[in-house]
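Asks: Data: target.pdb, PDB, C-alpha atoms.
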ATOM      1  CA  MET Y   9      29.071  11.322  12.493
ATOM      2  CA  GLU Y  10      28.344  12.322  16.086
ATOM      3  CA  PHE Y  11      24.980  12.133  17.876
ATOM      4  CA  ASP Y  12      24.289  14.346  20.904
ATOM      5  CA  ASP Y  13      22.178  11.744  22.741
ATOM      6  CA  ASN Y  14      23.710   8.356  23.549
ATOM      7  CA  ARG Y  15      20.318   6.765  24.262
ATOM      8  CA  LEU Y  16      18.921   7.755  20.866
ATOM      9  CA  ALA Y  17      22.125   6.647  19.167
ATOM     10  CA  ALA Y  18      21.692   3.194  20.723
ATOM     11  CA  MET Y  19      18.120   3.064  19.347
ATOM     12  CA  ILE Y  20      19.439   3.831  15.864
ATOM     13  CA  TYR Y  21      22.152   1.182  16.097
ATOM     14  CA  GLY Y  22      19.655  -1.488  17.204
ATOM     15  CA  GLU Y  23      20.214  -4.449  19.496
ATOM     16  CA  HIS Y  24      23.653  -5.900  18.845
ATOM     17  CA  ASP Y  25      24.028  -3.243  16.078
ATOM     18  CA  ARG Y  26      21.537  -5.087  13.871
ATOM     19  CA  HIS Y  27      20.359  -1.865  12.204
ATOM     20  CA  LEU Y  28      23.937  -0.897  11.348
ATOM     21  CA  ILE Y  29      24.522  -4.369   9.913
ATOM     22  CA  LEU Y  30      21.445  -3.946   7.708
ATOM     23  CA  ILE Y  31      22.634  -0.545   6.472
ATOM     24  CA  GLU Y  32      26.077  -1.992   5.707
ATOM     25  CA  ALA Y  33      24.551  -4.854   3.703
ATOM     26  CA  LYS Y  34      22.189  -2.626   1.715
ATOM     27  CA  LEU Y  35      24.566   0.235   0.918
ATOM     28  CA  GLY Y  36      27.941  -1.501   0.804
ATOM     29  CA  VAL Y  37      29.533   0.651   3.516
ATOM     30  CA  ARG Y  38      31.388  -0.128   6.753
ATOM     31  CA  LEU Y  39      30.108   1.407   9.991
ATOM     32  CA  GLN Y  40      32.389   1.627  13.027
ATOM     33  CA  ASN Y  41      30.511   2.343  16.255
ATOM     34  CA  ARG Y  42      32.255   4.241  19.077
ATOM     35  CA  GLY Y  43      29.456   5.166  21.448
ATOM     36  CA  ASN Y  44      27.692   8.231  20.100
ATOM     37  CA  ARG Y  45      30.295   8.577  17.335
ATOM     38  CA  LEU Y  46      29.985   6.612  14.134
ATOM     39  CA  ARG Y  47      32.528   6.305  11.361
ATOM     40  CA  VAL Y  48      31.210   5.626   7.847
ATOM     41  CA  LEU Y  49      33.605   4.107   5.300
ATOM     42  CA  GLY Y  50      32.961   3.480   1.613
ATOM     43  CA  GLY Y  51      32.523   5.144  -1.753
ATOM     44  CA  ALA Y  52      31.361   8.746  -1.801
ATOM     45  CA  GLY Y  53      27.838   7.970  -3.005
ATOM     46  CA  ALA Y  54      27.344   5.115  -0.541
ATOM     47  CA  VAL Y  55      28.657   7.184   2.360
ATOM     48  CA  ALA Y  56      26.294  10.049   1.498
ATOM     49  CA  ALA Y  57      23.366   7.628   1.326
ATOM     50  CA  ALA Y  58      24.304   6.078   4.686
ATOM     51  CA  GLN Y  59      24.502   9.523   6.256
ATOM     52  CA  ASP Y  60      21.038  10.341   4.875
ATOM     53  CA  VAL Y  61      19.662   7.139   6.412
ATOM     54  CA  LEU Y  62      21.248   7.743   9.808
ATOM     55  CA  ASP Y  63      20.191  11.411   9.888
ATOM     56  CA  ARG Y  64      16.631  10.439   9.061
ATOM     57  CA  LEU Y  65      16.515   7.748  11.744
ATOM     58  CA  TYR Y  66      17.949  10.128  14.338
ATOM     59  CA  ARG Y  67      15.266  12.721  13.570
ATOM     60  CA  GLU Y  68      12.608  10.028  13.952
ATOM     61  CA  ALA Y  69      14.085   8.928  17.283
ATOM     62  CA  ARG Y  70      14.119  12.526  18.571
ATOM     63  CA  LYS Y  71      10.387  12.717  17.864
ATOM     64  CA  GLY Y  72       9.881   9.757  20.199
ATOM     65  CA  ARG Y  73       9.188   7.246  17.443
ATOM     66  CA  GLU Y  74      10.330   3.649  17.725
ATOM     67  CA  ILE Y  75      13.205   2.697  15.450
ATOM     68  CA  SER Y  76      12.443  -0.792  14.207
ATOM     69  CA  THR Y  77      13.692  -2.817  11.246
ATOM     70  CA  PRO Y  78      10.793  -1.620   9.018
ATOM     71  CA  GLU Y  79      11.748   1.995   9.821
ATOM     72  CA  VAL Y  80      15.338   1.289   8.785
ATOM     73  CA  ASP Y  81      14.106  -0.369   5.577
ATOM     74  CA  ALA Y  82      11.978   2.698   4.834
ATOM     75  CA  ALA Y  83      14.896   5.068   5.407
ATOM     76  CA  LEU Y  84      17.035   2.976   3.050
ATOM     77  CA  ARG Y  85      14.395   3.190   0.307
ATOM     78  CA  PHE Y  86      14.133   6.952   0.580
ATOM     79  CA  ALA Y  87      17.901   7.361   0.542
ATOM     80  CA  SER Y  88      18.272   5.168  -2.530
ATOM     81  CA  ARG Y  89      15.716   7.280  -4.399
ATOM     82  CA  LYS Y  90      17.101  10.558  -2.994
ATOM     83  CA  LEU Y  91      13.672  11.894  -2.077
ATOM     84  CA  ALA Y  92      14.680  14.663   0.301
ATOM     85  CA  ALA Y  93      11.399  16.408  -0.483
ATOM     86  CA  VAL Y  94       9.533  13.567   1.221
ATOM     87  CA  GLU Y  95      11.087  14.475   4.563
ATOM     88  CA  GLU Y  96      10.031  18.095   4.119
ATOM     89  CA  VAL Y  97       6.458  16.969   3.469
ATOM     90  CA  GLU Y  98       6.452  14.903   6.655
ATOM     91  CA  GLU Y  99       7.962  17.725   8.729
ATOM     92  CA  ASP Y 100       5.525  20.357   7.460
ATOM     93  CA  LEU Y 101       2.289  18.362   7.441
ATOM     94  CA  ASP Y 102       2.912  15.755  10.196
ATOM     95  CA  GLY Y 103      -0.157  13.662   9.560
ATOM     96  CA  GLY Y 104      -1.073  15.125   6.192
ATOM     97  CA  GLY Y 105       0.745  14.475   2.940
ATOM     98  CA  ALA Y 106       2.867  11.487   3.932
ATOM     99  CA  SER Y 107       0.869   9.892   6.754
ATOM    100  CA  ILE Y 108      -2.636   8.838   7.766
ATOM    101  CA  ARG Y 109      -4.011   9.178  11.305
ATOM    102  CA  THR Y 110      -6.295   6.313  12.374
ATOM    103  CA  ARG Y 111      -7.890   5.327  15.693
ATOM    104  CA  LYS Y 112      -5.043   2.933  16.563
ATOM    105  CA  GLN Y 113      -1.954   4.417  14.955
ATOM    106  CA  VAL Y 114      -0.433   6.994  12.654
ATOM    107  CA  VAL Y 115       0.356   5.172   9.417
ATOM    108  CA  LYS Y 116       3.443   6.631   7.753
ATOM    109  CA  ALA Y 117       4.774   6.133   4.253
ATOM    110  CA  ARG Y 118       7.599   3.616   4.127
ATOM    111  CA  SER Y 119       8.556   3.915   0.478
ATOM    112  CA  PRO Y 120       8.612   6.607  -2.222
ATOM    113  CA  GLY Y 121       5.630   4.993  -3.941
ATOM    114  CA  GLN Y 122       3.654   5.064  -0.693
ATOM    115  CA  VAL Y 123       4.311   8.798  -0.366
ATOM    116  CA  ASP Y 124       2.747   9.417  -3.798
ATOM    117  CA  TYR Y 125      -0.130   7.072  -2.953
ATOM    118  CA  ILE Y 126      -0.958   8.686   0.405
ATOM    119  CA  ARG Y 127      -0.851  12.132  -1.120
ATOM    120  CA  SER Y 128      -3.262  10.990  -3.841
ATOM    121  CA  LEU Y 129      -5.564   9.475  -1.202
ATOM    122  CA  HIS Y 130      -5.636  12.831   0.577
ATOM    123  CA  GLN Y 131      -6.301  14.830  -2.578
ATOM    124  CA  SER Y 132      -8.258  12.780  -5.142
ATOM    125  CA  GLN Y 133     -11.747  11.282  -5.187
ATOM    126  CA  MET Y 134     -10.733   8.330  -7.372
ATOM    127  CA  VAL Y 135      -7.359   6.625  -7.066
ATOM    128  CA  PHE Y 136      -5.943   3.550  -8.790
ATOM    129  CA  GLY Y 137      -3.231   1.805  -6.769
ATOM    130  CA  LEU Y 138      -1.293  -0.646  -8.946
ATOM    131  CA  GLY Y 139       1.571  -2.909  -8.081
ATOM    132  CA  PRO Y 140       2.844  -6.176  -6.623
ATOM    133  CA  ALA Y 141       1.932  -7.760  -3.316
ATOM    134  CA  GLY Y 142       3.416  -6.197  -0.206
ATOM    135  CA  THR Y 143       3.477  -2.582  -1.386
ATOM    136  CA  GLY Y 144       0.718  -1.509   1.030
ATOM    137  CA  LYS Y 145      -1.820  -0.412  -1.561
ATOM    138  CA  THR Y 146      -4.793  -2.132   0.122
ATOM    139  CA  PHE Y 147      -3.710  -1.451   3.710
ATOM    140  CA  LEU Y 148      -3.217   2.269   3.075
ATOM    141  CA  ALA Y 149      -6.586   2.517   1.328
ATOM    142  CA  VAL Y 150      -8.292   0.947   4.353
ATOM    143  CA  ALA Y 151      -6.353   3.244   6.707
ATOM    144  CA  MET Y 152      -7.580   6.294   4.789
ATOM    145  CA  ALA Y 153     -11.146   4.951   4.811
ATOM    146  CA  VAL Y 154     -10.995   4.483   8.599
ATOM    147  CA  SER Y 155      -9.593   7.999   9.011
ATOM    148  CA  ARG Y 156     -12.373   9.494   6.881
ATOM    149  CA  LEU Y 157     -15.061   7.544   8.782
ATOM    150  CA  ALA Y 158     -13.704   8.500  12.214
ATOM    151  CA  SER Y 159     -13.591  12.188  11.286
ATOM    152  CA  GLY Y 160     -17.156  12.143   9.938
ATOM    153  CA  GLN Y 161     -16.139  12.968   6.378
ATOM    154  CA  VAL Y 162     -17.993   9.877   5.149
ATOM    155  CA  ASP Y 163     -20.859   7.860   6.635
ATOM    156  CA  ARG Y 164     -19.830   4.395   5.453
ATOM    157  CA  ILE Y 165     -16.972   2.231   4.268
ATOM    158  CA  ILE Y 166     -17.837  -0.216   1.484
ATOM    159  CA  LEU Y 167     -15.440  -3.079   0.784
ATOM    160  CA  SER Y 168     -15.720  -5.005  -2.457
ATOM    161  CA  ARG Y 169     -13.744  -7.648  -4.290
ATOM    162  CA  PRO Y 170     -14.507  -9.895  -7.266
ATOM    163  CA  ALA Y 171     -14.995 -13.488  -6.114
ATOM    164  CA  VAL Y 172     -13.418 -14.967  -9.218
ATOM    165  CA  GLU Y 173     -12.846 -18.418  -7.743
ATOM    166  CA  ALA Y 174     -16.588 -18.777  -7.070
ATOM    167  CA  GLY Y 175     -17.512 -17.420 -10.462
ATOM    168  CA  GLU Y 176     -19.381 -14.537  -8.757
ATOM    169  CA  ARG Y 177     -22.081 -17.125  -7.844
ATOM    170  CA  LEU Y 178     -21.917 -17.360  -4.069
ATOM    171  CA  GLY Y 179     -25.181 -19.142  -3.327
ATOM    172  CA  PHE Y 180     -23.644 -22.555  -2.769
ATOM    173  CA  LEU Y 181     -21.376 -21.264   0.021
ATOM    174  CA  PRO Y 182     -22.703 -21.571   3.618
ATOM    175  CA  GLY Y 183     -23.846 -18.621   5.717
ATOM    176  CA  ASP Y 184     -25.213 -15.156   5.025
ATOM    177  CA  LEU Y 185     -23.828 -12.781   2.398
ATOM    178  CA  ARG Y 186     -21.013 -11.512   4.597
ATOM    179  CA  GLU Y 187     -19.974 -15.035   5.597
ATOM    180  CA  LYS Y 188     -19.999 -16.148   1.958
ATOM    181  CA  VAL Y 189     -17.493 -13.496   0.889
ATOM    182  CA  ASP Y 190     -15.350 -13.448   4.060
ATOM    183  CA  PRO Y 191     -12.623 -15.672   2.558
ATOM    184  CA  TYR Y 192     -12.174 -13.244  -0.328
ATOM    185  CA  LEU Y 193     -12.072 -10.117   1.879
ATOM    186  CA  ARG Y 194      -9.756 -11.374   4.619
ATOM    187  CA  PRO Y 195      -6.919  -8.932   3.739
ATOM    188  CA  LEU Y 196      -9.360  -6.028   4.051
ATOM    189  CA  TYR Y 197     -10.558  -7.262   7.452
ATOM    190  CA  ASP Y 198      -6.958  -7.590   8.638
ATOM    191  CA  ALA Y 199      -6.305  -3.980   7.673
ATOM    192  CA  LEU Y 200      -9.474  -2.839   9.488
ATOM    193  CA  TYR Y 201      -8.389  -4.486  12.736
ATOM    194  CA  ASP Y 202      -4.902  -2.965  12.380
ATOM    195  CA  THR Y 203      -6.304   0.564  12.142
ATOM    196  CA  MET Y 204      -9.423   0.427  14.364
ATOM    197  CA  PRO Y 205     -10.133  -1.155  17.786
ATOM    198  CA  GLY Y 206     -11.658  -4.612  17.387
ATOM    199  CA  ASP Y 207     -14.853  -3.864  19.326
ATOM    200  CA  GLU Y 208     -15.435  -0.782  17.196
ATOM    201  CA  VAL Y 209     -15.025  -2.804  13.995
ATOM    202  CA  LEU Y 210     -17.764  -5.184  15.151
ATOM    203  CA  LYS Y 211     -20.084  -2.339  16.162
ATOM    204  CA  ARG Y 212     -19.529  -0.567  12.851
ATOM    205  CA  PHE Y 213     -20.419  -3.752  10.980
ATOM    206  CA  GLU Y 214     -23.590  -4.188  13.067
ATOM    207  CA  ARG Y 215     -24.678  -0.579  12.414
ATOM    208  CA  GLY Y 216     -23.928  -0.838   8.717
ATOM    209  CA  ASP Y 217     -21.153   1.768   8.860
ATOM    210  CA  ILE Y 218     -18.860  -0.840   7.309
ATOM    211  CA  GLU Y 219     -20.401  -2.879   4.517
ATOM    212  CA  VAL Y 220     -19.166  -5.875   2.563
ATOM    213  CA  ALA Y 221     -20.495  -5.989  -0.982
ATOM    214  CA  PRO Y 222     -19.393  -8.567  -3.575
ATOM    215  CA  LEU Y 223     -18.828  -6.868  -6.890
ATOM    216  CA  ALA Y 224     -21.763  -8.731  -8.460
ATOM    217  CA  TYR Y 225     -24.115  -7.113  -5.912
ATOM    218  CA  MET Y 226     -23.091  -3.512  -6.704
ATOM    219  CA  ARG Y 227     -25.182  -3.240  -9.847
ATOM    220  CA  GLY Y 228     -27.948  -0.641  -9.751
ATOM    221  CA  ARG Y 229     -26.617   1.223  -6.714
ATOM    222  CA  THR Y 230     -25.453   4.840  -6.403
ATOM    223  CA  LEU Y 231     -22.769   5.165  -3.729
ATOM    224  CA  ALA Y 232     -22.888   8.493  -1.865
ATOM    225  CA  ASN Y 233     -21.230   9.761   1.330
ATOM    226  CA  CYS Y 234     -18.958   6.737   1.482
ATOM    227  CA  PHE Y 235     -15.425   5.481   0.971
ATOM    228  CA  VAL Y 236     -15.375   2.542  -1.446
ATOM    229  CA  ILE Y 237     -12.482   0.121  -1.910
ATOM    230  CA  LEU Y 238     -12.323  -2.394  -4.743
ATOM    231  CA  ASP Y 239      -9.555  -4.897  -4.063
ATOM    232  CA  GLU Y 240      -8.014  -7.385  -6.528
ATOM    233  CA  ALA Y 241      -9.407  -5.253  -9.345
ATOM    234  CA  GLN Y 242      -7.312  -7.092 -11.941
ATOM    235  CA  ASN Y 243      -9.879  -9.901 -11.661
ATOM    236  CA  THR Y 244     -12.771  -7.792 -12.957
ATOM    237  CA  THR Y 245     -14.005  -7.957 -16.526
ATOM    238  CA  PRO Y 246     -14.290  -4.696 -18.510
ATOM    239  CA  MET Y 247     -18.093  -4.714 -18.037
ATOM    240  CA  GLN Y 248     -17.774  -5.245 -14.282
ATOM    241  CA  MET Y 249     -15.241  -2.433 -13.960
ATOM    242  CA  LYS Y 250     -17.447  -0.020 -15.918
ATOM    243  CA  MET Y 251     -20.399  -0.963 -13.731
ATOM    244  CA  PHE Y 252     -18.393  -0.391 -10.551
ATOM    245  CA  LEU Y 253     -16.908   2.967 -11.579
ATOM    246  CA  THR Y 254     -20.294   4.333 -12.588
ATOM    247  CA  ARG Y 255     -21.672   3.726  -9.065
ATOM    248  CA  PHE Y 256     -19.804   6.901  -8.046
ATOM    249  CA  GLY Y 257     -22.058   9.379  -6.196
ATOM    250  CA  GLU Y 258     -21.901  12.622  -4.169
ATOM    251  CA  ASN Y 259     -19.169  12.844  -1.525
ATOM    252  CA  CYS Y 260     -17.790   9.485  -2.599
ATOM    253  CA  GLN Y 261     -14.161   8.432  -2.710
ATOM    254  CA  MET Y 262     -13.138   5.303  -4.592
ATOM    255  CA  VAL Y 263      -9.857   3.415  -4.424
ATOM    256  CA  ILE Y 264      -9.206   0.641  -6.919
ATOM    257  CA  CYS Y 265      -6.352  -1.693  -5.959
ATOM    258  CA  GLY Y 266      -4.830  -4.401  -8.087
ATOM    259  CA  ASP Y 267      -1.841  -5.997  -9.749
ATOM    260  CA  PRO Y 268      -2.319  -6.221 -13.537
ATOM    261  CA  SER Y 269       0.326  -8.958 -13.712
ATOM    262  CA  GLN Y 270      -1.593 -11.397 -11.465
ATOM    263  CA  THR Y 271      -5.016 -11.860 -13.020
ATOM    264  CA  ASP Y 272      -7.022 -15.018 -12.220
ATOM    265  CA  LEU Y 273      -9.447 -14.504 -15.091
ATOM    266  CA  PRO Y 274      -9.956 -17.288 -17.641
ATOM    267  CA  ARG Y 275      -7.327 -17.339 -20.351
ATOM    268  CA  GLY Y 276      -8.104 -14.881 -23.123
ATOM    269  CA  THR Y 277     -10.320 -12.641 -20.929
ATOM    270  CA  ARG Y 278      -9.153  -9.032 -20.835
ATOM    271  CA  SER Y 279      -8.789  -7.553 -17.367
ATOM    272  CA  GLY Y 280     -11.208  -4.747 -16.542
ATOM    273  CA  LEU Y 281      -8.406  -3.010 -14.648
ATOM    274  CA  VAL Y 282      -6.135  -2.926 -17.696
ATOM    275  CA  ASP Y 283      -9.072  -1.825 -19.842
ATOM    276  CA  ALA Y 284      -9.995   1.016 -17.456
ATOM    277  CA  LEU Y 285      -6.427   2.301 -17.264
ATOM    278  CA  HIS Y 286      -6.308   2.508 -21.058
ATOM    279  CA  ILE Y 287      -9.681   4.244 -21.368
ATOM    280  CA  LEU Y 288      -9.342   6.624 -18.389
ATOM    281  CA  GLU Y 289      -5.691   7.520 -18.921
ATOM    282  CA  LYS Y 290      -6.365  11.219 -19.598
ATOM    283  CA  VAL Y 291      -9.499  11.758 -17.495
ATOM    284  CA  GLU Y 292      -8.948  14.665 -15.119
ATOM    285  CA  GLY Y 293      -9.564  13.964 -11.436
ATOM    286  CA  ILE Y 294      -8.359  10.342 -11.510
ATOM    287  CA  ASP Y 295      -4.967   9.564  -9.979
ATOM    288  CA  VAL Y 296      -2.985   6.465 -10.923
ATOM    289  CA  VAL Y 297      -0.124   5.417  -8.630
ATOM    290  CA  ARG Y 298       2.156   2.608  -9.805
ATOM    291  CA  PHE Y 299       4.216   0.744  -7.214
ATOM    292  CA  THR Y 300       7.365  -1.224  -8.060
ATOM    293  CA  LYS Y 301       9.368  -3.937  -6.328
ATOM    294  CA  ASP Y 302      11.283  -1.137  -4.578
ATOM    295  CA  ASP Y 303       8.068  -0.266  -2.697
ATOM    296  CA  VAL Y 304       7.557  -3.758  -1.244
ATOM    297  CA  VAL Y 305       7.497  -3.297   2.537
ATOM    298  CA  ARG Y 306       7.139  -6.939   3.555
ATOM    299  CA  HIS Y 307      10.062  -9.272   4.128
ATOM    300  CA  PRO Y 308      12.947  -8.411   1.746
ATOM    301  CA  LEU Y 309      12.510 -11.844   0.167
ATOM    302  CA  VAL Y 310       9.134 -10.703  -1.227
ATOM    303  CA  GLY Y 311      10.889  -8.001  -3.250
ATOM    304  CA  SER Y 312      13.307 -10.576  -4.629
ATOM    305  CA  ILE Y 313      10.423 -12.882  -5.566
ATOM    306  CA  VAL Y 314       8.603 -10.050  -7.365
ATOM    307  CA  GLU Y 315      11.790  -9.177  -9.260
ATOM    308  CA  ALA Y 316      12.334 -12.809 -10.292
ATOM    309  CA  TYR Y 317       8.785 -13.111 -11.609
ATOM    310  CA  ASP Y 318       9.158  -9.811 -13.492
ATOM    311  CA  ARG Y 319      12.256 -11.170 -15.216
ATOM    312  CA  ALA Y 320      10.450 -14.394 -16.122
ATOM    313  CA  ASP Y 321       7.459 -12.441 -17.433
ATOM    314  CA  ALA Y 322       9.711 -10.238 -19.578
ATOM    315  CA  ALA Y 323      11.393 -13.348 -21.001
ATOM    316  CA  ASP Y 324       7.988 -14.878 -21.850
ATOM    317  CA  ARG Y 325       6.909 -11.673 -23.591
ATOM    318  CA  ALA Y 326      10.084 -11.570 -25.646
ATOM    319  CA  ARG Y 327       9.655 -15.221 -26.644
ATOM    320  CA  LEU Y 328       5.999 -14.751 -27.649
ATOM    321  CA  LYS Y 329       6.795 -11.571 -29.553
ATOM    322  CA  ALA Y 330       9.526 -13.402 -31.456
ATOM    323  CA  MET Y 331       6.930 -16.037 -32.380
ATOM    324  CA  GLY Y 332       4.572 -13.350 -33.669
ATOM    325  CA  HIS Y 333       2.003 -13.532 -30.848
ATOM    326  CA  ASN Y 334       0.119 -10.532 -29.428
ATOM    327  CA  THR Y 335       1.319  -9.966 -25.838
ATOM    328  CA  GLU Y 336      -1.381  -7.424 -24.921
ATOM    329  CA  SER Y 337      -3.392 -10.050 -23.003
ATOM    330  CA  LEU Y 338      -0.452 -10.492 -20.629
ATOM    331  CA  THR Y 339      -0.477  -6.834 -19.572
TER     332      THR Y 339
END
Go through the file and emit its structure as structure tokens.
Replies:
Amino acid sequence: MEFDDNRLAAMIYGEHDRHLILIEAKLGVRLQNRGNRLRVLGGAGAVAAAQDVLDRLYREARKGREISTPEVDAALRFASRKLAAVEEVEEDLDGGGASIRTRKQVVKARSPGQVDYIRSLHQSQMVFGLGPAGTGKTFLAVAMAVSRLASGQVDRIILSRPAVEAGERLGFLPGDLREKVDPYLRPLYDALYDTMPGDEVLKRFERGDIEVAPLAYMRGRTLANCFVILDEAQNTTPMQMKMFLTRFGENCQMVICGDPSQTDLPRGTRSGLVDALHILEKVEGIDVVRFTKDDVVRHPLVGSIVEAYDRADAADRARLKAMGHNTESLT
């Protein structure tokens, strides 16, 4: 391969060729760097995948975008899934189907699952984002909420999460309502500050443009002209989930995020998220996006941890099934 700009080629290679080393490790190829010329050695499939990754990174660099380790990881995921169509979406829409424009940054999809998720967030009024930690399901939902609020498409952002550890009874915790639920909503706050200037976040909270509402306090409300995010939805009961979903009002968009495999509910209690997915499976207008370990965009070790737990969970299911137990409660 030959690149026509030495400076951009150096960005792709990374400091001390660290990006090339990562590509070699992930794809099982050898990369020999000779200035703006790069030789790729390996099996036919691996070489083609490496070329896809390097072409993608070079196009990103030509657009003036920083080439960091997360960008290389993203390019490797797309190459492994052979989603050439994703690149076409990004080229054509540039801020539409595969990205979200916020006040602080343009958030781009970094995995095939994130592409599907962002497109659903753009198109659907109710979206379920399911999958393990680190896949970006909550962060992307907050980014879309911030984008909608900044553009005037909605008047408010409402953040909710079941406070399972406190049994939904928050009175014994110190402070006002927001201070009581802060520990449970910290990931949502982090995402807000990543996508909106800090002073604006505070002002929006003061004006009521951003509202924190524990799930137990949503009963009886009709939510209109707002973007609503329910995080950790696997910790709802079926009754709580039904109550939440039926708060849906005019010009409302709801995103329900959760990991069905990590419920903190008491043993034997069916998850409201699992229940809703079963009941609403064929309801038109509801999108369900399922992330996998391949969509984890945190440290690579997180993906390995998720995979190890999946294997252990599958082994437990097989053992229980062999003993004649019903494994539905583990779903």
Asks: To one decimal place, how far is atom CA of Y:Asp318 from atom CA of Y:Asp198 in Å?
Replies: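 Atom-to-atom, atom CA of Y:Asp318 to atom CA of Y:Asp198, that is 27.5 Å.
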Asks: Return as a PyMOL selection string the set of residues that the PyMOL selection byres ((chain Y and resi 221) around 6) yields on the displayed structure.
Replies: chain Y and resi 168+220+222
Asks: Provide the atom CA of Y:Val236 to atom CA of Y:Cys260 distance in Å, to one decimal place.
Replies: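 Interatomic distance here is 7.4 Å.
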Asks: Name every residue that the PyMOL selection byres ((chain Y and resi 143-154) around 6) selects in this structure, writing the answer as a list in words with chains first and numbers rising.
Replies: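 In the shown coordinates, the PyMOL selection byres ((chain Y and resi 143-154) around 6) covers Gly137, Ala141, Gly142, Ser155, Arg156, Leu157, Ala199, Phe235, Asp303, Val304 and Val305 of chain Y.
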Asks: So, with all atoms listed in the file as the atoms that count, which of Y:Leu30, Y:Leu49, Y:Met19, Y:Met331 lies closest to Y:Ile75?
Replies: Y:Met19
Asks: On this structure, the PyMOL selection byres ((chain Y and resi 62) around 12) would catch which residues? List them as number ranges by chain, sorted by chain and number.
Replies: Y: 9-11, 16-22, 27-28, 30-32, 39, 45-48, 55-61, 63-69, 75, 79-84, 86-87
Asks: Between Y:Val297, Y:Val114, Y:Val282, Y:Asn233, which one has atoms that come closest to Y:Asn259, using all atoms listed in the file?
Replies: Y:Asn233
Asks: Could you work out how far atom CA of Y:Gly72 lies from atom CA of Y:Ala33, giving the answer in Å with one decimal?
Replies: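 If I compute the distance from atom CA of Y:Ala33 to atom CA of Y:Gly72, I get 26.5 Å.
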Asks: Need the shell around Y:Ser279: protein/DNA/RNA residues with any atom at most 9 Å away, counting all atoms listed in the file. Skip same-chain ones fewer than 2 positions apart. Format as a list in words?
Replies: Ala241, Gln242, Asn243, Thr244, Thr245, Pro246, Met249, Pro268, Thr271, Leu273, Thr277, Leu281, Val282, Asp283, Ala284, Ser337 and Thr339 of chain Y
Asks: Using all atoms listed in the file, pick whichever of Y:Thr300, Y:Ser269, Y:Gln261, Y:Gln40 has the shortest atom-to-atom distance to Y:Val162.
Replies: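 The shortest atom-to-atom distance to Y:Val162 comes from Y:Gln261.
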Asks: Go through Y:Arg169, Y:Lys329, Y:Arg227, Y:His130 and flag the residue nearest Y:Asp295, using all atoms listed in the file for the distances.
Replies: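 The answer is Y:His130, which sits nearest to Y:Asp295.
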Asks: Would you kindly return, as a VMD selection string, each protein, DNA or RNA residue with an atom no farther than 7 Å from any atom of Y:Lys116, considering all atoms listed in the file and excluding same-chain residues fewer than 6 positions away?
Replies: chain Y and resid 106 to 108
Asks: Would you output that residue set with C-alpha atoms, as an mmCIF file, in the coordinates of the input?
Replies:
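Below is the file out_32.cif, written as the result:
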data_model
loop_
_atom_site.group_PDB
_atom_site.id
_atom_site.type_symbol
_atom_site.label_atom_id
_atom_site.label_comp_id
_atom_site.auth_asym_id
_atom_site.auth_seq_id
_atom_site.Cartn_x
_atom_site.Cartn_y
_atom_site.Cartn_z
ATOM 1 C CA ALA Y 106 2.867 11.487 3.932
ATOM 2 C CA SER Y 107 0.869 9.892 6.754
ATOM 3 C CA ILE Y 108 -2.636 8.838 7.766
#
Asks: Please identify all polymer residues within 10 Å of Y:Glu315, counting all atoms listed in the file, omitting same-chain residues fewer than 5 positions from it, and present them as a list of chain:residue names.
Replies: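 Once the adjacent positions are removed, what remains is Y:Pro140, Y:Thr300, Y:Lys301, Y:Asp302, Y:Leu309, Y:Val310, Y:Ala320, Y:Asp321.
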Asks: Could you tell me, as a list in words, which residues have any atom at most 10 Å from (-14.0, 5.1, -7.7), counting all atoms listed in the file?
Replies: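 In the file's frame, the residues around the point are Ser132, Gln133, Met134, Val135, Phe136, Leu231, Phe235, Val236, Ile237, Leu238, Met249, Phe252, Leu253, Thr254, Arg255, Phe256, Gly257, Cys260, Gln261, Met262, Val263, Ile264 and Ile294 of chain Y.
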Asks: Which of these residues is nearest to Y:Gln248, using all atoms listed in the file: Y:Val123, Y:Met226, Y:Cys234, Y:Ala54?
Replies: Y:Met226
Asks: Give me the residues near Y:Arg215 as a PyMOL selection string, where near means some atom within 12 Å (using all atoms listed in the file) and where sequence neighbours in that chain fewer than 4 positions away do not count.
Replies: chain Y and resi 163-165+208-211+219
Asks: For the residues in the current selection, export C-alpha atoms as a compact mmCIF listing (two decimals), in the frame of the given file.
Replies:
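Okay, result_31.txt is ready:
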# COMPACT_ATOMS: atom_id res chain seq x y z
CA ASP Y 163 -20.86 7.86 6.64
CA ARG Y 164 -19.83 4.39 5.45
CA ILE Y 165 -16.97 2.23 4.27
CA GLU Y 208 -15.44 -0.78 17.20
CA VAL Y 209 -15.02 -2.80 14.00
CA LEU Y 210 -17.76 -5.18 15.15
CA LYS Y 211 -20.08 -2.34 16.16
CA GLU Y 219 -20.40 -2.88 4.52
